[in-house]
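A.B. asks: Contents of upload-v8.tsv (TSV, N, CA and C atoms) are given next:
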chain	number	residue	atom	x	y	z
A	284	LEU	N	36.06	107.23	135.21
A	284	LEU	CA	37.38	106.62	135.13
A	284	LEU	C	37.80	106.42	133.68
A	285	ALA	N	36.95	105.89	132.86
A	285	ALA	CA	37.32	105.59	131.48
A	285	ALA	C	37.39	106.87	130.65
A	286	ALA	N	38.38	106.93	129.81
A	286	ALA	CA	38.51	108.07	128.92
A	286	ALA	C	38.14	107.70	127.49
A	287	ASN	N	38.78	106.67	126.96
A	287	ASN	CA	38.58	106.28	125.56
A	287	ASN	C	38.41	104.76	125.46
A	288	ILE	N	37.41	104.20	126.07
A	288	ILE	CA	37.23	102.76	126.11
A	288	ILE	C	36.40	102.27	124.94
A	289	ASP	N	36.91	101.27	124.22
A	289	ASP	CA	36.17	100.61	123.15
A	289	ASP	C	35.67	99.28	123.72
A	290	VAL	N	34.39	99.18	123.99
A	290	VAL	CA	33.83	98.00	124.66
A	290	VAL	C	33.83	96.76	123.79
A	291	THR	N	34.18	96.88	122.51
A	291	THR	CA	34.22	95.71	121.64
A	291	THR	C	35.57	94.99	121.69
A	292	LYS	N	36.57	95.58	122.28
A	292	LYS	CA	37.91	95.00	122.35
A	292	LYS	C	38.02	94.03	123.52
A	293	ASP	N	38.94	93.07	123.37
A	293	ASP	CA	39.16	92.13	124.46
A	293	ASP	C	40.42	92.49	125.24
A	294	TYR	N	40.81	93.75	125.17
A	294	TYR	CA	41.95	94.27	125.91
A	294	TYR	C	41.68	95.73	126.27
A	295	LEU	N	42.47	96.24	127.17
A	295	LEU	CA	42.31	97.61	127.66
A	295	LEU	C	43.70	98.18	127.91
A	296	TYR	N	43.94	99.39	127.50
A	296	TYR	CA	45.22	100.05	127.74
A	296	TYR	C	45.09	101.03	128.90
A	297	LEU	N	46.08	101.04	129.79
A	297	LEU	CA	46.06	102.01	130.88
A	297	LEU	C	46.04	103.44	130.36
A	298	SER	N	46.68	103.69	129.23
A	298	SER	CA	46.72	105.06	128.71
A	298	SER	C	45.37	105.52	128.18
A	299	ASP	N	44.41	104.61	128.09
A	299	ASP	CA	43.04	105.00	127.72
A	299	ASP	C	42.18	105.28	128.94
A	300	LEU	N	42.73	105.10	130.11
A	300	LEU	CA	42.02	105.36	131.37
A	300	LEU	C	42.53	106.64	131.99
A	301	ASN	N	41.75	107.20	132.87
A	301	ASN	CA	42.18	108.34	133.65
A	301	ASN	C	42.84	107.83	134.92
A	302	TYR	N	44.00	108.37	135.24
A	302	TYR	CA	44.69	107.97	136.47
A	302	TYR	C	44.16	108.81	137.63
A	303	ILE	N	44.42	108.35	138.83
A	303	ILE	CA	43.93	109.02	140.04
A	303	ILE	C	44.84	110.21	140.34
A	304	THR	N	44.26	111.39	140.43
A	304	THR	CA	45.04	112.60	140.71
A	304	THR	C	44.85	113.10	142.14
A	305	GLU	N	43.80	112.64	142.81
A	305	GLU	CA	43.54	113.11	144.17
A	305	GLU	C	44.67	112.66	145.09
A	306	ASN	N	44.92	113.46	146.12
A	306	ASN	CA	45.88	113.16	147.17
A	306	ASN	C	47.28	112.88	146.63
A	307	ASN	N	47.62	113.45	145.48
A	307	ASN	CA	48.95	113.30	144.88
A	307	ASN	C	49.30	111.83	144.62
A	308	TRP	N	48.31	111.02	144.25
A	308	TRP	CA	48.55	109.60	143.97
A	308	TRP	C	49.24	109.40	142.64
A	309	SER	N	49.19	110.38	141.74
A	309	SER	CA	49.87	110.30	140.45
A	309	SER	C	50.60	111.61	140.21
A	310	TYR	N	51.86	111.51	139.86
A	310	TYR	CA	52.67	112.70	139.57
A	310	TYR	C	53.84	112.28	138.70
A	311	ASN	N	54.39	113.21	137.96
A	311	ASN	CA	55.42	112.89	136.99
A	311	ASN	C	56.80	112.71	137.60
A	312	GLY	N	57.16	113.47	138.59
A	312	GLY	CA	58.50	113.38	139.14
A	312	GLY	C	59.49	114.32	138.48
A	313	TRP	N	59.05	115.07	137.49
A	313	TRP	CA	59.87	116.08	136.81
A	313	TRP	C	59.06	117.35	136.83
A	314	GLY	N	59.41	118.27	137.70
A	314	GLY	CA	58.64	119.48	137.91
A	314	GLY	C	58.25	120.20	136.63
A	315	GLY	N	56.99	120.58	136.52
A	315	GLY	CA	56.50	121.32	135.39
A	315	GLY	C	56.12	120.47	134.19
A	316	HIS	N	56.22	119.15	134.31
A	316	HIS	CA	55.90	118.24	133.21
A	316	HIS	C	54.78	117.30	133.63
A	317	GLU	N	53.94	116.98	132.71
A	317	GLU	CA	52.80	116.10	132.96
A	317	GLU	C	53.15	114.65	132.65
A	318	ILE	N	52.39	113.72	133.23
A	318	ILE	CA	52.46	112.32	132.82
A	318	ILE	C	52.01	112.27	131.37
A	319	GLN	N	52.76	111.61	130.54
A	319	GLN	CA	52.47	111.55	129.11
A	319	GLN	C	51.68	110.29	128.77
A	320	LYS	N	50.62	110.43	128.01
A	320	LYS	CA	49.87	109.28	127.52
A	320	LYS	C	50.25	109.04	126.06
A	321	ASP	N	50.69	107.82	125.77
A	321	ASP	CA	51.04	107.38	124.41
A	321	ASP	C	52.22	108.13	123.81
A	322	LYS	N	53.11	108.66	124.66
A	322	LYS	CA	54.35	109.29	124.20
A	322	LYS	C	55.34	109.35	125.35
A	323	ASN	N	56.62	109.50	125.02
A	323	ASN	CA	57.63	109.58	126.07
A	323	ASN	C	57.70	111.00	126.63
A	324	GLN	N	58.62	111.23	127.55
A	324	GLN	CA	58.71	112.53	128.21
A	324	GLN	C	59.10	113.66	127.25
A	325	ASP	N	59.70	113.31	126.12
A	325	ASP	CA	60.07	114.31	125.12
A	325	ASP	C	59.00	114.42	124.03
A	326	GLU	N	57.83	113.84	124.29
A	326	GLU	CA	56.69	113.81	123.38
A	326	GLU	C	56.97	113.02	122.10
A	327	GLY	N	57.94	112.10	122.18
A	327	GLY	CA	58.25	111.22	121.08
A	327	GLY	C	57.58	109.86	121.25
A	328	VAL	N	57.89	108.94	120.36
A	328	VAL	CA	57.32	107.59	120.40
A	328	VAL	C	57.93	106.82	121.57
A	329	LEU	N	57.09	106.11	122.31
A	329	LEU	CA	57.56	105.26	123.40
A	329	LEU	C	58.39	104.13	122.83
A	330	SER	N	59.51	103.80	123.49
A	330	SER	CA	60.36	102.72	123.00
A	330	SER	C	61.10	102.08	124.17
A	331	LEU	N	61.35	100.78	124.05
A	331	LEU	CA	62.13	100.03	125.02
A	331	LEU	C	63.13	99.16	124.27
A	332	ILE	N	64.23	98.86	124.94
A	332	ILE	CA	65.17	97.87	124.42
A	332	ILE	C	64.75	96.53	125.02
A	333	ILE	N	64.32	95.60	124.17
A	333	ILE	CA	63.87	94.28	124.62
A	333	ILE	C	64.68	93.24	123.88
A	334	ASN	N	65.36	92.39	124.64
A	334	ASN	CA	66.24	91.36	124.06
A	334	ASN	C	67.23	91.97	123.08
A	335	GLY	N	67.78	93.13	123.44
A	335	GLY	CA	68.79	93.77	122.63
A	335	GLY	C	68.29	94.57	121.44
A	336	GLU	N	66.99	94.61	121.22
A	336	GLU	CA	66.43	95.34	120.08
A	336	GLU	C	65.48	96.44	120.54
A	337	LYS	N	65.53	97.56	119.84
A	337	LYS	CA	64.62	98.67	120.14
A	337	LYS	C	63.24	98.34	119.61
A	338	ARG	N	62.25	98.47	120.48
A	338	ARG	CA	60.87	98.19	120.10
A	338	ARG	C	60.03	99.43	120.38
A	339	LEU	N	59.19	99.82	119.41
A	339	LEU	CA	58.35	101.01	119.52
A	339	LEU	C	56.95	100.62	120.00
A	340	PHE	N	56.32	101.51	120.74
A	340	PHE	CA	54.99	101.26	121.28
A	340	PHE	C	54.08	102.46	121.00
A	341	ALA	N	52.94	102.21	120.40
A	341	ALA	CA	51.97	103.26	120.13
A	341	ALA	C	51.16	103.62	121.37
A	342	LYS	N	51.07	102.71	122.32
A	342	LYS	CA	50.28	102.92	123.53
A	342	LYS	C	51.19	102.80	124.74
A	343	GLY	N	50.91	103.59	125.76
A	343	GLY	CA	51.67	103.49	127.00
A	343	GLY	C	51.72	104.82	127.72
A	344	LEU	N	52.55	104.86	128.75
A	344	LEU	CA	52.68	106.03	129.60
A	344	LEU	C	54.14	106.44	129.70
A	345	GLY	N	54.40	107.74	129.64
A	345	GLY	CA	55.73	108.27	129.85
A	345	GLY	C	55.76	109.00	131.18
A	346	ILE	N	56.58	108.51	132.09
A	346	ILE	CA	56.66	109.07	133.44
A	346	ILE	C	58.13	109.23	133.78
A	347	HIS	N	58.51	110.38	134.29
A	347	HIS	CA	59.91	110.64	134.62
A	347	HIS	C	60.29	109.95	135.93
A	348	ALA	N	61.59	109.89	136.18
A	348	ALA	CA	62.13	109.28	137.40
A	348	ALA	C	61.43	109.83	138.64
A	349	LYS	N	61.24	108.98	139.59
A	349	LYS	CA	60.58	109.28	140.86
A	349	LYS	C	59.12	109.66	140.68
A	350	GLY	N	58.56	109.41	139.52
A	350	GLY	CA	57.14	109.65	139.28
A	350	GLY	C	56.34	108.43	139.69
A	351	GLN	N	55.06	108.61	139.74
A	351	GLN	CA	54.14	107.53	140.12
A	351	GLN	C	52.82	107.76	139.42
A	352	VAL	N	52.21	106.69	138.96
A	352	VAL	CA	50.87	106.80	138.38
A	352	VAL	C	50.02	105.70	138.99
A	353	THR	N	48.82	106.07	139.41
A	353	THR	CA	47.93	105.15	140.11
A	353	THR	C	46.60	105.07	139.39
A	354	PHE	N	46.15	103.87	139.13
A	354	PHE	CA	44.86	103.61	138.51
A	354	PHE	C	44.04	102.72	139.42
A	355	ASP	N	42.74	102.92	139.42
A	355	ASP	CA	41.82	101.96	140.03
A	355	ASP	C	41.18	101.20	138.89
A	356	ILE	N	41.62	99.96	138.70
A	356	ILE	CA	41.09	99.15	137.60
A	356	ILE	C	40.13	98.08	138.10
A	357	SER	N	39.66	98.23	139.33
A	357	SER	CA	38.81	97.20	139.93
A	357	SER	C	37.54	96.93	139.13
A	358	GLU	N	36.99	97.96	138.47
A	358	GLU	CA	35.76	97.73	137.71
A	358	GLU	C	36.00	96.90	136.45
A	359	TYR	N	37.25	96.69	136.09
A	359	TYR	CA	37.58	95.92	134.88
A	359	TYR	C	38.09	94.51	135.15
A	360	THR	N	38.28	94.14	136.41
A	360	THR	CA	38.93	92.87	136.72
A	360	THR	C	38.12	91.64	136.34
A	361	THR	N	36.83	91.73	136.28
A	361	THR	CA	36.02	90.58	135.86
A	361	THR	C	36.13	90.38	134.36
A	362	ARG	N	36.03	91.45	133.62
A	362	ARG	CA	36.10	91.35	132.16
A	362	ARG	C	37.52	91.10	131.67
A	363	PHE	N	38.50	91.67	132.35
A	363	PHE	CA	39.91	91.52	131.99
A	363	PHE	C	40.66	90.93	133.18
A	364	PRO	N	40.68	89.61	133.33
A	364	PRO	CA	41.26	88.99	134.52
A	364	PRO	C	42.79	88.99	134.56
A	365	ARG	N	43.46	89.36	133.47
A	365	ARG	CA	44.92	89.37	133.44
A	365	ARG	C	45.45	90.78	133.25
A	366	PHE	N	46.58	91.06	133.87
A	366	PHE	CA	47.27	92.33	133.69
A	366	PHE	C	48.62	92.03	133.04
A	367	ILE	N	48.90	92.65	131.91
A	367	ILE	CA	50.18	92.45	131.21
A	367	ILE	C	50.77	93.82	130.93
A	368	ALA	N	52.05	93.99	131.21
A	368	ALA	CA	52.70	95.27	130.96
A	368	ALA	C	54.17	95.07	130.61
A	369	LYS	N	54.70	95.99	129.86
A	369	LYS	CA	56.14	96.08	129.64
A	369	LYS	C	56.55	97.41	130.23
A	370	LEU	N	57.61	97.42	131.03
A	370	LEU	CA	58.02	98.67	131.63
A	370	LEU	C	59.52	98.77	131.65
A	371	GLY	N	60.02	99.99	131.59
A	371	GLY	CA	61.45	100.23	131.61
A	371	GLY	C	61.75	101.66	131.24
A	372	VAL	N	63.02	101.95	131.09
A	372	VAL	CA	63.47	103.28	130.69
A	372	VAL	C	63.32	103.40	129.19
A	373	ASP	N	62.74	104.49	128.71
A	373	ASP	CA	62.57	104.69	127.28
A	373	ASP	C	63.93	104.57	126.59
A	374	ALA	N	63.96	103.87	125.46
A	374	ALA	CA	65.20	103.63	124.73
A	374	ALA	C	65.88	104.93	124.32
A	375	ALA	N	65.13	106.02	124.19
A	375	ALA	CA	65.72	107.31	123.84
A	375	ALA	C	66.65	107.80	124.94
A	376	ARG	N	66.54	107.25	126.13
A	376	ARG	CA	67.38	107.63	127.27
A	376	ARG	C	68.62	106.77	127.41
A	377	GLY	N	68.86	105.85	126.50
A	377	GLY	CA	70.06	105.01	126.54
A	377	GLY	C	69.84	103.75	127.34
A	378	GLY	N	70.89	103.07	127.65
A	378	GLY	CA	70.81	101.75	128.28
A	378	GLY	C	70.76	101.77	129.79
A	379	LEU	N	70.14	102.76	130.35
A	379	LEU	CA	70.04	102.82	131.81
A	379	LEU	C	69.22	101.65	132.33
A	380	ASP	N	69.51	101.21	133.53
A	380	ASP	CA	68.82	100.05	134.09
A	380	ASP	C	68.34	100.32	135.51
A	381	PRO	N	67.58	101.40	135.73
A	381	PRO	CA	67.01	101.58	137.07
A	381	PRO	C	65.89	100.58	137.30
A	382	ARG	N	65.36	100.57	138.47
A	382	ARG	CA	64.29	99.63	138.78
A	382	ARG	C	62.95	100.34	138.72
A	383	GLN	N	61.94	99.60	138.28
A	383	GLN	CA	60.57	100.08	138.25
A	383	GLN	C	59.75	99.09	139.06
A	384	SER	N	58.57	99.51	139.46
A	384	SER	CA	57.76	98.58	140.23
A	384	SER	C	56.29	98.67	139.87
A	385	ILE	N	55.63	97.54	140.03
A	385	ILE	CA	54.18	97.44	139.94
A	385	ILE	C	53.76	96.74	141.22
A	386	SER	N	52.79	97.30	141.90
A	386	SER	CA	52.27	96.63	143.09
A	386	SER	C	50.76	96.64	143.01
A	387	GLY	N	50.16	95.68	143.66
A	387	GLY	CA	48.72	95.60	143.56
A	387	GLY	C	48.09	95.03	144.80
A	388	SER	N	46.77	95.00	144.78
A	388	SER	CA	46.03	94.46	145.91
A	388	SER	C	45.77	92.97	145.72
A	389	GLY	N	46.29	92.39	144.65
A	389	GLY	CA	46.11	90.96	144.37
A	389	GLY	C	47.26	90.15	144.91
A	390	THR	N	47.70	89.18	144.13
A	390	THR	CA	48.67	88.22	144.62
A	390	THR	C	50.09	88.46	144.15
A	391	ALA	N	50.34	89.48	143.36
A	391	ALA	CA	51.68	89.64	142.80
A	391	ALA	C	52.15	91.08	142.91
A	392	SER	N	53.44	91.23	142.98
A	392	SER	CA	54.05	92.55	142.85
A	392	SER	C	55.32	92.36	142.04
A	393	TYR	N	55.86	93.45	141.54
A	393	TYR	CA	56.99	93.36	140.63
A	393	TYR	C	57.97	94.47	140.93
A	394	TYR	N	59.24	94.12	140.98
A	394	TYR	CA	60.28	95.11	141.17
A	394	TYR	C	61.55	94.55	140.55
A	395	ALA	N	61.91	95.01	139.37
A	395	ALA	CA	63.07	94.46	138.66
A	395	ALA	C	63.37	95.30	137.44
A	396	PRO	N	64.50	95.03	136.77
A	396	PRO	CA	64.76	95.70	135.49
A	396	PRO	C	63.70	95.33	134.46
A	397	ILE	N	63.82	95.89	133.25
A	397	ILE	CA	62.83	95.72	132.19
A	397	ILE	C	62.43	94.26	132.01
A	398	ARG	N	61.15	94.01	132.05
A	398	ARG	CA	60.59	92.67	131.87
A	398	ARG	C	59.16	92.82	131.39
A	399	THR	N	58.59	91.71	130.97
A	399	THR	CA	57.17	91.68	130.66
A	399	THR	C	56.47	91.19	131.91
A	400	ILE	N	55.40	91.87	132.29
A	400	ILE	CA	54.65	91.53	133.48
A	400	ILE	C	53.35	90.89	133.04
A	401	SER	N	52.98	89.79	133.65
A	401	SER	CA	51.72	89.13	133.32
A	401	SER	C	51.19	88.47	134.56
A	402	GLY	N	49.93	88.63	134.81
A	402	GLY	CA	49.36	87.96	135.97
A	402	GLY	C	47.91	88.31	136.17
A	403	GLY	N	47.22	87.52	136.92
A	403	GLY	CA	45.83	87.78	137.23
A	403	GLY	C	45.73	88.53	138.53
A	404	ILE	N	46.04	89.81	138.51
A	404	ILE	CA	46.07	90.61	139.74
A	404	ILE	C	45.22	91.86	139.56
A	405	THR	N	44.74	92.36	140.66
A	405	THR	CA	44.11	93.67	140.69
A	405	THR	C	45.23	94.64	141.05
A	406	VAL	N	45.50	95.59	140.20
A	406	VAL	CA	46.69	96.40	140.35
A	406	VAL	C	46.38	97.86	140.66
A	407	THR	N	47.05	98.39	141.62
A	407	THR	CA	47.14	99.83	141.81
A	407	THR	C	48.51	100.19	141.30
A	408	PHE	N	48.57	100.78	140.14
A	408	PHE	CA	49.84	101.00	139.45
A	408	PHE	C	50.14	102.47	139.38
Could you express the structure from this file as structure tokens?
C.D. replies:
Amino acid sequence: LAANIDVTKDYLYLSDLNYITENNWSYNGWGGHEIQKDKNQDEGVLSLIINGEKRLFAKGLGIHAKGQVTFDISEYTTRFPRFIAKLGVDAARGGLDPRQSISGSGTASYYAPIRTISGGITVTF
């Protein structure tokens, strides 16, 4: 499962893990394009508009509309009891406001415009 894990850190990035590819559990949603790790769909820097300002991110996932990415992070839930994420449309795509979702096998799910997600949940994302 792990691709580039540094065991000395007190955090873990999803883009450092391998997502589940079996049974079409992860796909980009834009034919002929792959899910991007640490870059947007145009292979540029990931960015979001947060509180009216463009913010750049060195880590993250670029997934096109109608795409889905699924991770099994159950082996990390004891060491990392919280899940925090920022999600939305890359700022390079303008001020679009579609909905994104995070759902999990724990106690929380999320479906709303761009927000910061935080919680102690086991997530299938």
A.B. asks: When you draw a straight line from atom N of Gly335 of chain A to atom CA of Asp293 of chain A, how long is it in Å?
C.D. replies: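 A separation of 28.7 Å between them.
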A.B. asks: Find the residues near Lys320 of chain A: any atom within 6 Å, counting only N, CA and C atoms, skip ones fewer than 4 places away on the same chain, and give them as a list of chain:residue names.
C.D. replies: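 So the residues in contact are A:Ser298, A:Gly343, A:Leu344, A:Gly345.
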A.B. asks: Could you please take those selected residues and save N, CA and C atoms as a short mmCIF file (atom, residue, chain, number, x, y, z; two decimals), in the frame of the given file?
C.D. replies:
data_model
loop_
_atom_site.label_atom_id
_atom_site.label_comp_id
_atom_site.auth_asym_id
_atom_site.auth_seq_id
_atom_site.Cartn_x
_atom_site.Cartn_y
_atom_site.Cartn_z
N SER A 298 46.68 103.69 129.23
CA SER A 298 46.72 105.06 128.71
C SER A 298 45.37 105.52 128.18
N GLY A 343 50.91 103.59 125.76
CA GLY A 343 51.67 103.49 127.00
C GLY A 343 51.72 104.82 127.72
N LEU A 344 52.55 104.86 128.75
CA LEU A 344 52.68 106.03 129.60
C LEU A 344 54.14 106.44 129.70
N GLY A 345 54.40 107.74 129.64
CA GLY A 345 55.73 108.27 129.85
C GLY A 345 55.76 109.00 131.18
#
A.B. asks: For a cut-off of 9 Å around (59.8, 112.2, 127.0), file coordinates, pick out all residues using only C-alpha atoms and list them as a list in words.
C.D. replies: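 Taken together, the residues in range are Gln319, Lys322, Asn323, Gln324, Asp325, Glu326, Gly327, Val328, Leu329, Gly345, Ile346, His347, Asp373, Ala375 and Arg376 of chain A.
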A.B. asks: Assuming 3 Å of padding per side, give the centre and edge lengths of the axis-aligned box around every listed atom of segment 319-323 of chain A, in Å to one decimal and as lines of an AutoDock Vina configuration file.
C.D. replies:
center_x = 53.8
center_y = 109.5
center_z = 127.2
size_x = 13.8
size_y = 10.2
size_z = 12.7
A.B. asks: Pick from A:Tyr359, A:Ile332, A:Leu339, A:Gly315: nearest to Gly371 of chain A, with all atoms listed in the file counted?
C.D. replies: A:Ile332
A.B. asks: Looking only at the backbone, which of the residues in segment 293-362 of chain A does DSSP tag as helix (DSSP H, G or I), as a ChimeraX atom specification?
C.D. replies: /A:297-299,305-307,357-359
A.B. asks: Go ahead and compute the interatomic distance for atom CA of Val352 of chain A and atom CA of Phe340 of chain A, in Å to one decimal.
C.D. replies: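 Going from atom CA of Val352 of chain A over to atom CA of Phe340 of chain A covers 18.4 Å.
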A.B. asks: Using only N, CA and C atoms, find the one residue out of A:Trp313, A:Ala341, A:Leu331, A:Asp299 that sits nearest to Leu370 of chain A.
C.D. replies: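 Under the stated criterion, the closest residue is A:Leu331.
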A.B. asks: List the residues sitting within 8 Å of (46.0, 102.7, 133.1) in the file's frame, using all atoms listed in the file, as an mmCIF file with N, CA and C atoms, in the frame of the given file.
C.D. replies:
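Produced file out.cif, reproduced below:
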data_model
loop_
_atom_site.group_PDB
_atom_site.id
_atom_site.type_symbol
_atom_site.label_atom_id
_atom_site.label_comp_id
_atom_site.auth_asym_id
_atom_site.auth_seq_id
_atom_site.Cartn_x
_atom_site.Cartn_y
_atom_site.Cartn_z
ATOM 1 N N LEU A 295 42.470 96.240 127.170
ATOM 2 C CA LEU A 295 42.310 97.610 127.660
ATOM 3 C C LEU A 295 43.700 98.180 127.910
ATOM 4 N N TYR A 296 43.940 99.390 127.500
ATOM 5 C CA TYR A 296 45.220 100.050 127.740
ATOM 6 C C TYR A 296 45.090 101.030 128.900
ATOM 7 N N LEU A 297 46.080 101.040 129.790
ATOM 8 C CA LEU A 297 46.060 102.010 130.880
ATOM 9 C C LEU A 297 46.040 103.440 130.360
ATOM 10 N N SER A 298 46.680 103.690 129.230
ATOM 11 C CA SER A 298 46.720 105.060 128.710
ATOM 12 C C SER A 298 45.370 105.520 128.180
ATOM 13 N N ASP A 299 44.410 104.610 128.090
ATOM 14 C CA ASP A 299 43.040 105.000 127.720
ATOM 15 C C ASP A 299 42.180 105.280 128.940
ATOM 16 N N LEU A 300 42.730 105.100 130.110
ATOM 17 C CA LEU A 300 42.020 105.360 131.370
ATOM 18 C C LEU A 300 42.530 106.640 131.990
ATOM 19 N N ASN A 301 41.750 107.200 132.870
ATOM 20 C CA ASN A 301 42.180 108.340 133.650
ATOM 21 C C ASN A 301 42.840 107.830 134.920
ATOM 22 N N TYR A 302 44.000 108.370 135.240
ATOM 23 C CA TYR A 302 44.690 107.970 136.470
ATOM 24 C C TYR A 302 44.160 108.810 137.630
ATOM 25 N N VAL A 352 52.210 106.690 138.960
ATOM 26 C CA VAL A 352 50.870 106.800 138.380
ATOM 27 C C VAL A 352 50.020 105.700 138.990
ATOM 28 N N THR A 353 48.820 106.070 139.410
ATOM 29 C CA THR A 353 47.930 105.150 140.110
ATOM 30 C C THR A 353 46.600 105.070 139.390
ATOM 31 N N PHE A 354 46.150 103.870 139.130
ATOM 32 C CA PHE A 354 44.860 103.610 138.510
ATOM 33 C C PHE A 354 44.040 102.720 139.420
ATOM 34 N N ASP A 355 42.740 102.920 139.420
ATOM 35 C CA ASP A 355 41.820 101.960 140.030
ATOM 36 C C ASP A 355 41.180 101.200 138.890
ATOM 37 N N ILE A 356 41.620 99.960 138.700
ATOM 38 C CA ILE A 356 41.090 99.150 137.600
ATOM 39 C C ILE A 356 40.130 98.080 138.100
ATOM 40 N N PHE A 408 48.570 100.780 140.140
ATOM 41 C CA PHE A 408 49.840 101.000 139.450
ATOM 42 C C PHE A 408 50.140 102.470 139.380
#
A.B. asks: One decimal, Å: what's the distance from atom C of Gly312 of chain A over to atom CA of Gln351 of chain A, could you say?
C.D. replies: 8.8 Å
